[in-house]
Structures are given as structure tokens and as C-alpha cells.
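What follows is one structure encoded as C-alpha cells, with my remarks underneath.
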Amino acid sequence: VCNKPKSGNIFEQMVADKTAYKSAIREKETLSHLIFTENLYENLIDRDHVSFWKLWNAKYKTTSIKANVIDGLCDKKQISEQFAKKFSAIFQPNTPDKHAELRQIFYDKFNKYSINESTWETLTAETVMRHVKNLKQGKACGADNIIAEHILYAHCIIADLLLVLFKTLCKYGVVPDEFGHGIIVPLLKSSDANYTSSDNYRAITLSPVVSKLFETVMLDTCSDCLKSDYLQFGFK
């Protein structure tokens, strides 16, 4: 049996060919990425959103797995109730007594909060529109059936209307109950996980786009008042 040569002309040619092959692969990958980026950019400039998302999904979107059986259940209503039971059990306090204590502390402090009018009086329609333009497109709607594109491509007066709404919410210190309503969707944790078991799903919430916009505007407006420890990395 002849072993692979580790020196000589054949070895040097093998190394050179391997290097050339890897270099060609990298060049093709770079070229493919540049072509993809240019096509995305052209579709975006031309406002051809259909072609844009078609091109994007062809490269990045993975085929979703739709399970017809979860935990041995095949009825859609029973499956949804199973997920509801599963997720509601997750979001329960580990120690109810401590939870009640901290909850009361929060409400005691919350009732003493004072509204600083100078914070939200400086809010402008330009600020609202800037955050409107930053809304992520192509996302599913919440319980209100409104998607980001509805606001993004609405008449520019939408910024003034949202400004009046946001200032009113700040003035009276309340938000609509609908802002807290969302659609919980089970999402498979891993593509190679057992998709027939509810243990392998995590919950994501589709919130109303207006509530998310209000949160980003308030985060920007009140950023000086919102601080956290530098040691905190998650859930900032």
C-alpha cells in the first residue's frame, strides 16, 4: 500500500492544488455574497418588496415543520390547550409568598411615581417617524391585525396622530389594555428536536405593532432615566 507523499514534487503539487481549490471556493463565496447583496439593494431601492422578500427567503428562510400530533394529541383545540397549559405553568412564580411581597413593593413605589411633563412634552412627530422607519418589516401581526407596513406606508399624518396618542398616554399615565394582548405562538427550539413533544417548543408573543412602537419611542425619550447595572447582560 502506497502512503501519501509528504515531500517531493507530487506533495508540493498537492499542496498547491489544495490551496488553489480553497482560494477558488472563497472567491466564489465572496462573489455570491456580493451578487446577493447587490440584488437585495436594487430591490430595496426600487421598492420591489415582493422580489426583495422572495430573494431573502430563498436564501435564509428554513422550511417550517408543522406537527399534526403533539404529546399524542391530534385535535387542534386539544393541542392549543396543551400548549396553553404548558406555557402558563412555565410563567408561574417559584415562591408565591416572595412573589406577592415583591409585587406589593412594586405597587407601593408605582403609586408614588410622578409624571415629569418635560420628558414627553419634548416628543416630536419627527422622533415618532424616525422610529416608524426603524420598524422591522415582514413580521407577523398581533391580535390587532396591524403589521409594520400598515404604519410605514400610511400617510405621513400618521406620525402626528401617533404623537397625540403617545403624549396622551404619558399625560395620564395609562396605556390601553390592548397593548398587553398578544398571540402566543409555539416555536420549535431546534430543527432536529422531536417536534411531536411540547417540551421542545418555546413561546414567542406577537405583540401589537403600535405598542412596540410606543415602547421604542419611550425608551429613546426616557433613556437618561433608564439605567441598569453594568454587570447585567441579558434583558436590558
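Please note that chains go A, B, ... in the order of the C-alpha cells, that every chain numbers its residues from 1, and that ligands are numbered from 1 in the order shown.
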
With a distance cut-off of 7 Å and only C-alpha atoms, select the neighbouring residues of segment 75-91 of chain A, excluding the residue or stretch itself and same-chain residues fewer than 4 positions from it, and output the selection as a PDB file with N, CA, C and O atoms, in the first residue's frame.
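As a result, around-v9.pdb now contains:
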```pdb
ATOM      1  N   ILE A  70     -49.145  16.374  18.837  1.00  0.00           N
ATOM      2  CA  ILE A  70     -48.344  16.906  19.942  1.00  0.00           C
ATOM      3  C   ILE A  70     -48.740  16.173  21.215  1.00  0.00           C
ATOM      4  O   ILE A  70     -49.915  16.171  21.597  1.00  0.00           O
ATOM      5  N   SER A 198     -44.279  18.684  23.278  1.00  0.00           N
ATOM      6  CA  SER A 198     -44.425  20.094  23.638  1.00  0.00           C
ATOM      7  C   SER A 198     -43.235  20.606  24.439  1.00  0.00           C
ATOM      8  O   SER A 198     -43.030  21.822  24.541  1.00  0.00           O
ATOM      9  N   ALA A 203     -42.193  29.591  23.719  1.00  0.00           N
ATOM     10  CA  ALA A 203     -43.279  30.502  23.364  1.00  0.00           C
ATOM     11  C   ALA A 203     -42.727  31.850  22.922  1.00  0.00           C
ATOM     12  O   ALA A 203     -41.826  32.397  23.554  1.00  0.00           O
TER      13      ALA A 203
END
```

For segment 116-131 of chain A, please output as a ChimeraX atom specification all residues within 6 Å (counting only C-alpha atoms; exclusion window: fewer than 2 positions along the same chain). /A:133-134,159-160,163

Could the residues in this selection be saved with N, CA, C and O atoms as a PDB file, in the first residue's frame?
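Now in selection-v1.pdb:
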```
ATOM      1  N   LYS A 133     -39.796  54.347  10.835  1.00  0.00           N
ATOM      2  CA  LYS A 133     -38.938  53.871   9.748  1.00  0.00           C
ATOM      3  C   LYS A 133     -38.034  52.722  10.192  1.00  0.00           C
ATOM      4  O   LYS A 133     -37.525  51.978   9.341  1.00  0.00           O
ATOM      5  N   ASN A 134     -37.836  52.594  11.499  1.00  0.00           N
ATOM      6  CA  ASN A 134     -36.984  51.524  12.009  1.00  0.00           C
ATOM      7  C   ASN A 134     -37.759  50.241  12.318  1.00  0.00           C
ATOM      8  O   ASN A 134     -37.158  49.260  12.771  1.00  0.00           O
ATOM      9  N   ALA A 159     -47.732  60.078  11.735  1.00  0.00           N
ATOM     10  CA  ALA A 159     -46.784  60.453  12.790  1.00  0.00           C
ATOM     11  C   ALA A 159     -47.410  61.437  13.768  1.00  0.00           C
ATOM     12  O   ALA A 159     -47.209  61.346  14.985  1.00  0.00           O
ATOM     13  N   ASP A 160     -48.202  62.392  13.251  1.00  0.00           N
ATOM     14  CA  ASP A 160     -48.861  63.367  14.123  1.00  0.00           C
ATOM     15  C   ASP A 160     -49.937  62.700  14.970  1.00  0.00           C
ATOM     16  O   ASP A 160     -50.102  63.038  16.160  1.00  0.00           O
ATOM     17  N   LEU A 163     -48.279  60.772  17.634  1.00  0.00           N
ATOM     18  CA  LEU A 163     -47.719  61.701  18.612  1.00  0.00           C
ATOM     19  C   LEU A 163     -48.777  62.121  19.626  1.00  0.00           C
ATOM     20  O   LEU A 163     -48.525  62.150  20.837  1.00  0.00           O
TER      21      LEU A 163
END
```

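The residue set within 9 Å of Ala143 of chain A, counting only C-alpha atoms and dropping same-chain residues fewer than 6 places from it, reads A:Glu178, A:His181, A:Gly182, A:Ile183, A:Leu206, A:Ser207, A:Pro208.
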
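Each of A:Cys74, A:Thr205, A:Phe214, A:His33 was checked against Val164 of chain A using only C-alpha atoms; the smallest atom-to-atom distance is that of A:Phe214.
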
Name the residues of segment 3-124 of chain A that come out as alpha helix (DSSP H) in a backbone DSSP run; write them as a ChimeraX atom specification. /A:8-45,49-60,76-90,96-110,117-121

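Each of A:Thr37, A:Tyr172, A:Ala20, A:Lys54 was compared to Ser114 of chain A using only C-alpha atoms, and A:Tyr172 turns out to be the nearest.
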
What residues in segment 17-236 of chain A get the DSSP label strand (DSSP E)? Please answer as a CSV table (one decimal) with C-alpha atoms, in the first residue's frame.
```csv
chain,number,residue,atom,x,y,z
A,183,ILE,CA,-50.8,36.0,20.3
A,184,ILE,CA,-48.5,33.3,21.8
A,185,VAL,CA,-47.0,31.0,19.1
A,186,PRO,CA,-45.1,27.8,19.9
A,187,LEU,CA,-41.7,27.7,18.2
A,188,LEU,CA,-39.6,24.6,17.8
A,201,TYR,CA,-41.2,24.3,22.0
A,202,ARG,CA,-40.7,27.7,23.4
A,203,ALA,CA,-43.3,30.5,23.4
A,204,ILE,CA,-43.0,33.7,21.4
A,205,THR,CA,-45.5,36.5,21.7
A,206,LEU,CA,-46.8,38.6,18.7
```

Please list as a JSON list (two decimals) with N, CA and C atoms, in the first residue's frame every residue within 12 Å of Lys136 of chain A, counting only C-alpha atoms and excluding residues in the same chain fewer than 5 positions away.
```json
[["chain", "number", "residue", "atom", "x", "y", "z"],
["A", 131, "HIS", "N", -38.70, 56.41, 14.42],
["A", 131, "HIS", "CA", -38.89, 55.06, 14.95],
["A", 131, "HIS", "C", -39.82, 54.24, 14.07],
["A", 141, "CYS", "N", -48.46, 39.86, 12.25],
["A", 141, "CYS", "CA", -49.21, 40.86, 13.02],
["A", 141, "CYS", "C", -49.62, 40.28, 14.37],
["A", 147, "ILE", "N", -49.80, 45.26, 10.78],
["A", 147, "ILE", "CA", -48.39, 44.96, 10.61],
["A", 147, "ILE", "C", -47.61, 46.26, 10.44],
["A", 148, "ALA", "N", -46.30, 46.17, 10.50],
["A", 148, "ALA", "CA", -45.46, 47.36, 10.43],
["A", 148, "ALA", "C", -45.67, 48.12, 9.13],
["A", 149, "GLU", "N", -45.90, 47.38, 8.04],
["A", 149, "GLU", "CA", -46.06, 48.03, 6.73],
["A", 149, "GLU", "C", -47.29, 48.93, 6.69],
["A", 150, "HIS", "N", -48.33, 48.61, 7.48],
["A", 150, "HIS", "CA", -49.53, 49.45, 7.51],
["A", 150, "HIS", "C", -49.18, 50.85, 7.99],
["A", 151, "ILE", "N", -48.29, 50.94, 8.97],
["A", 151, "ILE", "CA", -47.90, 52.24, 9.52],
["A", 151, "ILE", "C", -46.81, 52.88, 8.66],
["A", 152, "LEU", "N", -45.88, 52.06, 8.20],
["A", 152, "LEU", "CA", -44.74, 52.59, 7.44],
["A", 152, "LEU", "C", -45.17, 53.23, 6.12],
["A", 209, "VAL", "N", -48.20, 46.12, 17.00],
["A", 209, "VAL", "CA", -47.09, 46.92, 16.49],
["A", 209, "VAL", "C", -47.10, 48.33, 17.08],
["A", 212, "LYS", "N", -45.38, 48.20, 20.44],
["A", 212, "LYS", "CA", -43.93, 48.10, 20.28],
["A", 212, "LYS", "C", -43.33, 49.43, 19.86],
["A", 213, "LEU", "N", -44.04, 50.15, 19.01],
["A", 213, "LEU", "CA", -43.57, 51.47, 18.59],
["A", 213, "LEU", "C", -43.56, 52.44, 19.77]]
```

Separation of atom CA of Asp71 of chain A and atom CA of Thr196 of chain A, in Å?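 Taking atom CA of Asp71 of chain A as the start and atom CA of Thr196 of chain A as the end point, the length is 6.1 Å.
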